[in-house]
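Below: entry_39.cif (mmCIF, C-alpha atoms)
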data_start
#
loop_
_atom_site.group_PDB
_atom_site.id
_atom_site.type_symbol
_atom_site.label_atom_id
_atom_site.label_comp_id
_atom_site.auth_asym_id
_atom_site.auth_seq_id
_atom_site.Cartn_x
_atom_site.Cartn_y
_atom_site.Cartn_z
ATOM 1 C CA MET I 5 -98.835 42.084 -89.542
ATOM 2 C CA LEU I 6 -101.492 39.379 -89.286
ATOM 3 C CA SER I 7 -101.920 39.246 -93.045
ATOM 4 C CA ASN I 8 -98.161 38.835 -93.491
ATOM 5 C CA ALA I 9 -98.019 36.095 -90.842
ATOM 6 C CA ILE I 10 -100.827 34.167 -92.575
ATOM 7 C CA GLN I 11 -99.081 34.514 -95.919
ATOM 8 C CA GLU I 12 -95.757 33.280 -94.516
ATOM 9 C CA ALA I 13 -97.364 30.328 -92.717
ATOM 10 C CA GLY I 14 -98.892 29.042 -95.956
ATOM 11 C CA ASN I 15 -101.213 26.501 -94.322
ATOM 12 C CA VAL I 16 -103.769 28.587 -92.435
ATOM 13 C CA VAL I 17 -107.499 27.829 -92.369
ATOM 14 C CA LEU I 18 -109.810 30.691 -91.425
ATOM 15 C CA VAL I 19 -113.329 30.127 -90.200
ATOM 16 C CA SER I 20 -116.344 31.018 -92.331
ATOM 17 C CA LYS I 21 -120.078 30.959 -91.651
ATOM 18 C CA LEU I 22 -122.830 29.500 -93.805
ATOM 19 C CA LEU I 23 -125.685 31.955 -94.279
ATOM 20 C CA GLN I 24 -129.262 31.900 -95.534
ATOM 21 C CA LYS I 25 -131.330 34.696 -96.963
ATOM 22 C CA THR I 26 -134.405 35.465 -94.873
ATOM 23 C CA ALA I 27 -136.716 33.893 -97.451
ATOM 24 C CA THR I 28 -134.623 30.712 -97.434
ATOM 25 C CA ALA I 29 -134.454 30.543 -93.640
ATOM 26 C CA ASN I 30 -138.252 30.799 -93.405
ATOM 27 C CA ASP I 31 -138.827 27.998 -95.929
ATOM 28 C CA PRO I 32 -139.134 24.613 -94.119
ATOM 29 C CA GLU I 33 -138.260 22.809 -97.366
ATOM 30 C CA ALA I 34 -134.938 24.655 -97.638
ATOM 31 C CA ILE I 35 -133.773 24.425 -94.024
ATOM 32 C CA ASP I 36 -130.447 22.801 -95.023
ATOM 33 C CA PHE I 37 -129.857 25.036 -98.035
ATOM 34 C CA TYR I 38 -127.288 27.814 -97.687
ATOM 35 C CA ASP I 39 -127.012 30.471 -100.342
ATOM 36 C CA SER I 40 -124.101 32.584 -99.122
ATOM 37 C CA LEU I 41 -120.941 32.523 -97.049
ATOM 38 C CA GLU I 42 -119.464 35.000 -94.589
ATOM 39 C CA ILE I 43 -115.666 35.021 -94.807
ATOM 40 C CA SER I 44 -112.776 37.048 -93.407
ATOM 41 C CA ASP I 45 -111.577 40.268 -94.994
ATOM 42 C CA PRO I 46 -109.787 39.593 -98.321
ATOM 43 C CA MET I 47 -106.500 40.848 -96.864
ATOM 44 C CA PHE I 48 -106.513 37.682 -94.734
ATOM 45 C CA ASP I 49 -108.618 35.292 -96.791
ATOM 46 C CA GLN I 50 -106.518 35.616 -99.959
ATOM 47 C CA TYR I 51 -103.579 33.922 -98.231
ATOM 48 C CA SER I 52 -105.524 31.084 -96.617
ATOM 49 C CA SER I 53 -108.304 28.629 -97.179
ATOM 50 C CA HIS I 54 -111.588 28.977 -95.302
ATOM 51 C CA ALA I 55 -114.110 26.504 -93.913
ATOM 52 C CA PHE I 56 -117.436 26.752 -92.122
ATOM 53 C CA ALA I 57 -117.978 26.263 -88.414
ATOM 54 C CA ASN I 58 -121.754 25.653 -88.488
ATOM 55 C CA PHE I 59 -122.857 22.579 -86.526
ATOM 56 C CA PRO I 60 -126.130 20.654 -86.760
ATOM 57 C CA THR I 61 -127.858 20.733 -83.352
ATOM 58 C CA ASP I 62 -131.383 20.364 -82.061
ATOM 59 C CA ALA I 63 -131.358 23.907 -80.624
ATOM 60 C CA ASP I 64 -133.952 26.329 -81.956
ATOM 61 C CA TRP I 65 -131.960 29.433 -81.027
ATOM 62 C CA GLN I 66 -128.268 30.282 -80.713
ATOM 63 C CA GLU I 67 -128.684 30.918 -76.973
ATOM 64 C CA ASP I 68 -130.193 27.463 -76.328
ATOM 65 C CA VAL I 69 -128.184 24.611 -74.813
ATOM 66 C CA LYS I 70 -126.678 22.753 -77.754
ATOM 67 C CA GLN I 71 -125.525 19.162 -78.058
ATOM 68 C CA CYS I 72 -123.208 18.125 -80.858
ATOM 69 C CA ARG I 73 -123.057 14.482 -81.954
ATOM 70 C CA SER I 74 -122.516 14.931 -85.689
ATOM 71 C CA PHE I 75 -121.157 17.242 -88.356
ATOM 72 C CA ILE I 76 -121.712 17.912 -92.048
ATOM 73 C CA PRO I 77 -118.421 17.360 -93.944
ATOM 74 C CA ARG I 78 -119.174 19.720 -96.825
ATOM 75 C CA LEU I 79 -122.001 21.644 -98.395
ATOM 76 C CA MET I 80 -122.632 23.167 -101.792
ATOM 77 C CA VAL I 81 -122.810 26.960 -101.720
ATOM 78 C CA ASN I 82 -123.301 28.848 -104.989
ATOM 79 C CA GLY I 83 -122.160 25.871 -107.046
ATOM 80 C CA LYS I 84 -118.991 25.216 -105.028
ATOM 81 C CA TYR I 85 -118.295 22.762 -102.204
ATOM 82 C CA GLU I 86 -117.390 24.366 -98.890
ATOM 83 C CA ASN I 87 -115.728 22.146 -96.282
ATOM 84 C CA ALA I 88 -116.438 22.007 -92.571
ATOM 85 C CA PHE I 89 -113.664 23.564 -90.483
ATOM 86 C CA ALA I 90 -112.431 20.267 -88.996
ATOM 87 C CA VAL I 91 -112.510 18.645 -92.443
ATOM 88 C CA GLU I 92 -110.436 21.428 -93.987
ATOM 89 C CA LEU I 93 -107.891 21.162 -91.169
ATOM 90 C CA CYS I 94 -107.636 17.433 -91.833
ATOM 91 C CA ARG I 95 -107.364 18.018 -95.592
ATOM 92 C CA LYS I 96 -104.380 20.297 -95.001
ATOM 93 C CA TYR I 97 -102.792 17.639 -92.803
ATOM 94 C CA ASP I 98 -103.630 14.475 -94.778
ATOM 95 C CA SER I 99 -105.710 14.881 -97.945
ATOM 96 C CA THR I 100 -105.762 11.111 -98.578
ATOM 97 C CA LYS I 101 -107.836 10.448 -95.469
ATOM 98 C CA THR I 102 -110.074 13.390 -96.258
ATOM 99 C CA ASN I 103 -110.709 11.990 -99.741
ATOM 100 C CA LYS I 104 -111.838 8.714 -98.121
ATOM 101 C CA LEU I 105 -114.322 10.707 -96.061
ATOM 102 C CA PHE I 106 -115.696 12.398 -99.176
ATOM 103 C CA ALA I 107 -115.849 9.049 -101.009
ATOM 104 C CA ARG I 108 -118.371 7.810 -98.428
ATOM 105 C CA ASP I 109 -120.601 10.623 -99.676
ATOM 106 C CA ASN I 110 -122.546 10.864 -96.423
ATOM 107 C CA TYR I 111 -124.437 14.115 -95.975
ATOM 108 C CA GLU I 112 -123.923 13.945 -92.202
ATOM 109 C CA GLU I 113 -121.306 12.053 -90.174
ATOM 110 C CA LEU I 114 -121.505 10.943 -86.542
ATOM 111 C CA VAL I 115 -118.612 12.130 -84.382
ATOM 112 C CA ASN I 116 -116.680 9.358 -82.639
ATOM 113 C CA PHE I 117 -115.660 11.424 -79.621
ATOM 114 C CA ARG I 118 -112.482 10.046 -78.073
ATOM 115 C CA GLY I 119 -110.941 12.947 -76.169
ATOM 116 C CA ASN I 120 -111.505 16.270 -74.525
ATOM 117 C CA ALA I 121 -110.149 19.807 -74.414
ATOM 118 C CA GLU I 122 -109.260 21.091 -70.972
ATOM 119 C CA ILE I 123 -107.888 24.305 -69.499
ATOM 120 C CA LEU I 124 -104.711 23.236 -67.679
ATOM 121 C CA ASP I 125 -101.514 24.842 -66.483
ATOM 122 C CA VAL I 126 -99.568 23.763 -69.544
ATOM 123 C CA ARG I 127 -96.235 24.771 -68.036
ATOM 124 C CA LEU I 128 -96.562 21.870 -65.608
ATOM 125 C CA THR I 129 -98.498 19.254 -67.500
ATOM 126 C CA THR I 130 -97.854 19.444 -71.233
ATOM 127 C CA LEU I 131 -94.984 16.968 -71.211
ATOM 128 C CA ARG I 132 -96.210 14.756 -68.379
ATOM 129 C CA ASN I 133 -97.971 11.544 -69.259
ATOM 130 C CA LYS I 134 -100.883 12.197 -66.920
ATOM 131 C CA ASP I 135 -104.615 12.291 -67.449
ATOM 132 C CA LEU I 136 -105.826 15.257 -65.410
ATOM 133 C CA GLY I 137 -109.049 15.889 -67.316
ATOM 134 C CA THR I 138 -112.604 15.813 -66.056
ATOM 135 C CA THR I 139 -113.760 12.965 -68.302
ATOM 136 C CA ASN I 140 -113.024 9.259 -68.449
ATOM 137 C CA PHE I 141 -111.378 9.733 -71.848
ATOM 138 C CA LYS I 142 -107.813 10.554 -72.806
ATOM 139 C CA LEU I 143 -106.916 14.230 -72.885
ATOM 140 C CA LEU I 144 -106.216 15.088 -76.546
ATOM 141 C CA CYS I 145 -106.351 18.874 -76.693
ATOM 142 C CA TYR I 146 -104.719 21.502 -74.509
ATOM 143 C CA SER I 147 -105.875 25.084 -74.274
ATOM 144 C CA ILE I 148 -103.333 27.842 -73.708
ATOM 145 C CA ASP I 149 -104.409 31.357 -72.793
ATOM 146 C CA ILE I 150 -103.110 34.163 -75.014
ATOM 147 C CA ALA I 151 -101.484 35.829 -71.991
ATOM 148 C CA ASP I 152 -99.319 32.723 -71.435
ATOM 149 C CA VAL I 153 -98.408 32.647 -75.119
ATOM 150 C CA MET I 154 -97.362 36.298 -75.137
ATOM 151 C CA GLN I 155 -95.323 35.853 -71.938
ATOM 152 C CA GLY I 156 -93.703 32.605 -73.106
ATOM 153 C CA ASN I 157 -95.208 30.559 -70.266
ATOM 154 C CA PHE I 158 -95.363 27.288 -72.208
ATOM 155 C CA ASP I 159 -93.115 24.587 -73.607
ATOM 156 C CA GLU I 160 -92.582 25.266 -77.340
ATOM 157 C CA SER I 161 -92.417 21.538 -78.087
ATOM 158 C CA LEU I 162 -96.150 21.419 -77.349
ATOM 159 C CA PHE I 163 -96.775 22.975 -80.764
ATOM 160 C CA LYS I 164 -94.249 21.007 -82.787
ATOM 161 C CA ASP I 165 -95.883 18.928 -85.564
ATOM 162 C CA LYS I 166 -99.342 19.734 -84.204
ATOM 163 C CA ILE I 167 -102.461 21.384 -85.545
ATOM 164 C CA VAL I 168 -102.898 24.652 -83.644
ATOM 165 C CA ILE I 169 -106.370 26.183 -83.432
ATOM 166 C CA MET I 170 -106.643 29.830 -82.409
ATOM 167 C CA THR I 171 -110.100 30.606 -81.072
ATOM 168 C CA PHE I 172 -112.105 32.494 -78.468
ATOM 169 C CA LEU I 173 -113.015 30.345 -75.447
ATOM 170 C CA GLY I 174 -114.281 33.108 -73.198
ATOM 171 C CA ASP I 175 -113.035 36.242 -71.493
ATOM 172 C CA TYR I 176 -110.632 34.208 -69.354
ATOM 173 C CA PRO I 177 -109.594 30.528 -68.927
ATOM 174 C CA GLY I 178 -112.541 28.561 -67.600
ATOM 175 C CA ASP I 179 -115.056 31.322 -68.377
ATOM 176 C CA PRO I 180 -118.489 29.793 -67.553
ATOM 177 C CA ALA I 181 -120.269 31.799 -70.288
ATOM 178 C CA TRP I 182 -122.569 29.639 -72.432
ATOM 179 C CA GLU I 183 -122.158 31.283 -75.829
ATOM 180 C CA ASP I 184 -120.941 28.865 -78.515
ATOM 181 C CA LYS I 185 -120.493 25.941 -76.137
ATOM 182 C CA TYR I 186 -121.803 22.462 -76.843
ATOM 183 C CA PHE I 187 -122.475 19.363 -74.797
ATOM 184 C CA THR I 188 -120.739 16.172 -75.924
ATOM 185 C CA PRO I 189 -121.117 12.506 -74.849
ATOM 186 C CA LEU I 190 -117.763 12.747 -73.010
ATOM 187 C CA ASN I 191 -119.059 14.669 -70.026
ATOM 188 C CA LYS I 192 -118.917 12.775 -66.737
ATOM 189 C CA LYS I 193 -121.851 14.995 -65.763
ATOM 190 C CA VAL I 194 -124.553 14.887 -68.412
ATOM 191 C CA ALA I 195 -125.869 18.328 -67.490
ATOM 192 C CA GLY I 196 -124.540 21.556 -66.095
ATOM 193 C CA ARG I 197 -121.100 21.463 -67.662
ATOM 194 C CA PRO I 198 -120.379 22.161 -71.328
ATOM 195 C CA THR I 199 -117.337 20.872 -73.155
ATOM 196 C CA ARG I 200 -115.520 22.762 -75.886
ATOM 197 C CA ILE I 201 -115.270 20.204 -78.626
ATOM 198 C CA CYS I 202 -112.029 19.388 -80.421
ATOM 199 C CA LEU I 203 -112.549 17.973 -83.897
ATOM 200 C CA ALA I 204 -109.103 18.528 -85.368
ATOM 201 C CA GLU I 205 -107.531 15.153 -84.596
#
Reformat the file's structure so that it appears as structure tokens.
Amino acid sequence: MLSNAIQEAGNVVLVSKLLQKTATANDPEAIDFYDSLEISDPMFDQYSSHAFANFPTDADWQEDVKQCRSFIPRLMVNGKYENAFAVELCRKYDSTKTNKLFARDNYEELVNFRGNAEILDVRLTTLRNKDLGTTNFKLLCYSIDIADVMQGNFDESLFKDKIVIMTFLGDYPGDPAWEDKYFTPLNKKVAGRPTRICLAE
């Protein structure tokens, strides 16, 4: 069913992961060289494009606190360019702007953070022009729990003409678990509270 839904949608981007062989990972000279890519099963991947979700951070281990201020637009893997996830989403939406990004030919780009993703009761707030977030910046991304989607507890116009990202944000809305969470410059509190970043504007 999922494979059929992806095929019918026609504009789906699935996440991939840049990988390094052990010998490459242990070579300080090749720290930014990736020699393989982990992708979804072909029954899904054949009907979509894929893009990597790796972020450059100063963390030494996955479990460390991570801060994200930049991203790498694309990387060469086995003789082929692979796009970052946010870049591929943008390419699907407006390839002209994405081509301008590539024309700059910067290995790494700083992120101009301008908004935040928050867990809100979307039934009450999606169509209201209110800023109920926990930062000083405009709320750009809403997060809807799968239970609300399955039960129809949302306004369908929220999705119209929008980029929709399906992802895991924890076991429940507001889950304080630290896995795969990054600090951004938008936090009112500079420590103690991670922000899920939204790069798909």
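With all atoms listed in the file as the basis for measurement, I:Gln24 is the residue among I:Gln155, I:Glu160, I:Gln24, I:Ser7 that approaches I:Phe37 most closely.
A straight line drawn from atom CA of I:Gln71 to atom CA of I:Met170 is 22.1 Å long.
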**Between atom CA of I:Phe56 and atom CA of I:Glu113, distance in Å (one decimal)** =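 Straight-line distance from atom CA of I:Phe56 to atom CA of I:Glu113 works out to 15.3 Å.
Comparing I:Ala88, I:Val17, I:Leu6, I:Ile76 by their smallest distance to I:Ala57, the closest is I:Ala88 (using only C-alpha atoms).
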**Message:** Since I can't run it myself right now, could you work out what the PyMOL selection byres ((chain I and resi 92) around 10) selects here and report it as a PyMOL selection string?
**Reply:** chain I and resi 16-19+53-56+77-78+86-91+93-99+102+204
N, CA and C atoms for stretch 143-166 of chain I, written as a PDB file, in the frame of the given file, could you do that?
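rebuild15.pdb, freshly written:
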ATOM      1  N   LEU I 143    -107.007  12.815 -72.574  1.00  0.00           N
ATOM      2  CA  LEU I 143    -106.916  14.230 -72.885  1.00  0.00           C
ATOM      3  C   LEU I 143    -106.156  14.409 -74.203  1.00  0.00           C
ATOM      4  N   LEU I 144    -106.823  14.944 -75.226  1.00  0.00           N
ATOM      5  CA  LEU I 144    -106.216  15.088 -76.546  1.00  0.00           C
ATOM      6  C   LEU I 144    -105.855  16.518 -76.895  1.00  0.00           C
ATOM      7  N   CYS I 145    -106.548  17.478 -76.319  1.00  0.00           N
ATOM      8  CA  CYS I 145    -106.351  18.874 -76.693  1.00  0.00           C
ATOM      9  C   CYS I 145    -106.050  19.713 -75.462  1.00  0.00           C
ATOM     10  N   TYR I 146    -105.030  20.552 -75.562  1.00  0.00           N
ATOM     11  CA  TYR I 146    -104.719  21.502 -74.509  1.00  0.00           C
ATOM     12  C   TYR I 146    -105.145  22.889 -74.945  1.00  0.00           C
ATOM     13  N   SER I 147    -105.510  23.705 -73.993  1.00  0.00           N
ATOM     14  CA  SER I 147    -105.875  25.084 -74.274  1.00  0.00           C
ATOM     15  C   SER I 147    -104.908  26.003 -73.542  1.00  0.00           C
ATOM     16  N   ILE I 148    -104.298  26.920 -74.285  1.00  0.00           N
ATOM     17  CA  ILE I 148    -103.333  27.842 -73.708  1.00  0.00           C
ATOM     18  C   ILE I 148    -103.872  29.262 -73.849  1.00  0.00           C
ATOM     19  N   ASP I 149    -103.907  29.990 -72.761  1.00  0.00           N
ATOM     20  CA  ASP I 149    -104.409  31.357 -72.793  1.00  0.00           C
ATOM     21  C   ASP I 149    -103.422  32.263 -73.529  1.00  0.00           C
ATOM     22  N   ILE I 150    -103.953  33.260 -74.230  1.00  0.00           N
ATOM     23  CA  ILE I 150    -103.110  34.163 -75.014  1.00  0.00           C
ATOM     24  C   ILE I 150    -102.077  34.870 -74.142  1.00  0.00           C
ATOM     25  N   ALA I 151    -102.437  35.164 -72.889  1.00  0.00           N
ATOM     26  CA  ALA I 151    -101.484  35.829 -71.991  1.00  0.00           C
ATOM     27  C   ALA I 151    -100.250  34.957 -71.772  1.00  0.00           C
ATOM     28  N   ASP I 152    -100.454  33.631 -71.614  1.00  0.00           N
ATOM     29  CA  ASP I 152     -99.319  32.723 -71.435  1.00  0.00           C
ATOM     30  C   ASP I 152     -98.482  32.636 -72.702  1.00  0.00           C
ATOM     31  N   VAL I 153     -99.147  32.679 -73.857  1.00  0.00           N
ATOM     32  CA  VAL I 153     -98.408  32.647 -75.119  1.00  0.00           C
ATOM     33  C   VAL I 153     -97.531  33.886 -75.248  1.00  0.00           C
ATOM     34  N   MET I 154     -98.106  35.050 -74.992  1.00  0.00           N
ATOM     35  CA  MET I 154     -97.362  36.298 -75.137  1.00  0.00           C
ATOM     36  C   MET I 154     -96.206  36.402 -74.144  1.00  0.00           C
ATOM     37  N   GLN I 155     -96.368  35.793 -72.963  1.00  0.00           N
ATOM     38  CA  GLN I 155     -95.323  35.853 -71.938  1.00  0.00           C
ATOM     39  C   GLN I 155     -94.349  34.680 -72.016  1.00  0.00           C
ATOM     40  N   GLY I 156     -94.594  33.750 -72.953  1.00  0.00           N
ATOM     41  CA  GLY I 156     -93.703  32.605 -73.106  1.00  0.00           C
ATOM     42  C   GLY I 156     -93.849  31.561 -72.025  1.00  0.00           C
ATOM     43  N   ASN I 157     -94.985  31.518 -71.351  1.00  0.00           N
ATOM     44  CA  ASN I 157     -95.208  30.559 -70.266  1.00  0.00           C
ATOM     45  C   ASN I 157     -95.737  29.228 -70.788  1.00  0.00           C
ATOM     46  N   PHE I 158     -94.982  28.588 -71.678  1.00  0.00           N
ATOM     47  CA  PHE I 158     -95.363  27.288 -72.208  1.00  0.00           C
ATOM     48  C   PHE I 158     -94.120  26.635 -72.798  1.00  0.00           C
ATOM     49  N   ASP I 159     -94.206  25.337 -72.992  1.00  0.00           N
ATOM     50  CA  ASP I 159     -93.115  24.587 -73.607  1.00  0.00           C
ATOM     51  C   ASP I 159     -93.336  24.584 -75.118  1.00  0.00           C
ATOM     52  N   GLU I 160     -92.408  25.136 -75.896  1.00  0.00           N
ATOM     53  CA  GLU I 160     -92.582  25.266 -77.340  1.00  0.00           C
ATOM     54  C   GLU I 160     -92.764  23.930 -78.051  1.00  0.00           C
ATOM     55  N   SER I 161     -92.267  22.848 -77.453  1.00  0.00           N
ATOM     56  CA  SER I 161     -92.417  21.538 -78.087  1.00  0.00           C
ATOM     57  C   SER I 161     -93.880  21.092 -78.128  1.00  0.00           C
ATOM     58  N   LEU I 162     -94.728  21.746 -77.329  1.00  0.00           N
ATOM     59  CA  LEU I 162     -96.150  21.419 -77.349  1.00  0.00           C
ATOM     60  C   LEU I 162     -96.747  21.640 -78.727  1.00  0.00           C
ATOM     61  N   PHE I 163     -96.225  22.630 -79.462  1.00  0.00           N
ATOM     62  CA  PHE I 163     -96.775  22.975 -80.764  1.00  0.00           C
ATOM     63  C   PHE I 163     -96.119  22.243 -81.932  1.00  0.00           C
ATOM     64  N   LYS I 164     -95.002  21.620 -81.690  1.00  0.00           N
ATOM     65  CA  LYS I 164     -94.249  21.007 -82.787  1.00  0.00           C
ATOM     66  C   LYS I 164     -95.045  19.879 -83.436  1.00  0.00           C
ATOM     67  N   ASP I 165     -95.171  19.945 -84.768  1.00  0.00           N
ATOM     68  CA  ASP I 165     -95.883  18.928 -85.564  1.00  0.00           C
ATOM     69  C   ASP I 165     -97.340  18.745 -85.133  1.00  0.00           C
ATOM     70  N   LYS I 166     -97.954  19.802 -84.653  1.00  0.00           N
ATOM     71  CA  LYS I 166     -99.342  19.734 -84.204  1.00  0.00           C
ATOM     72  C   LYS I 166    -100.208  20.708 -85.014  1.00  0.00           C
TER      73      LYS I 166
END
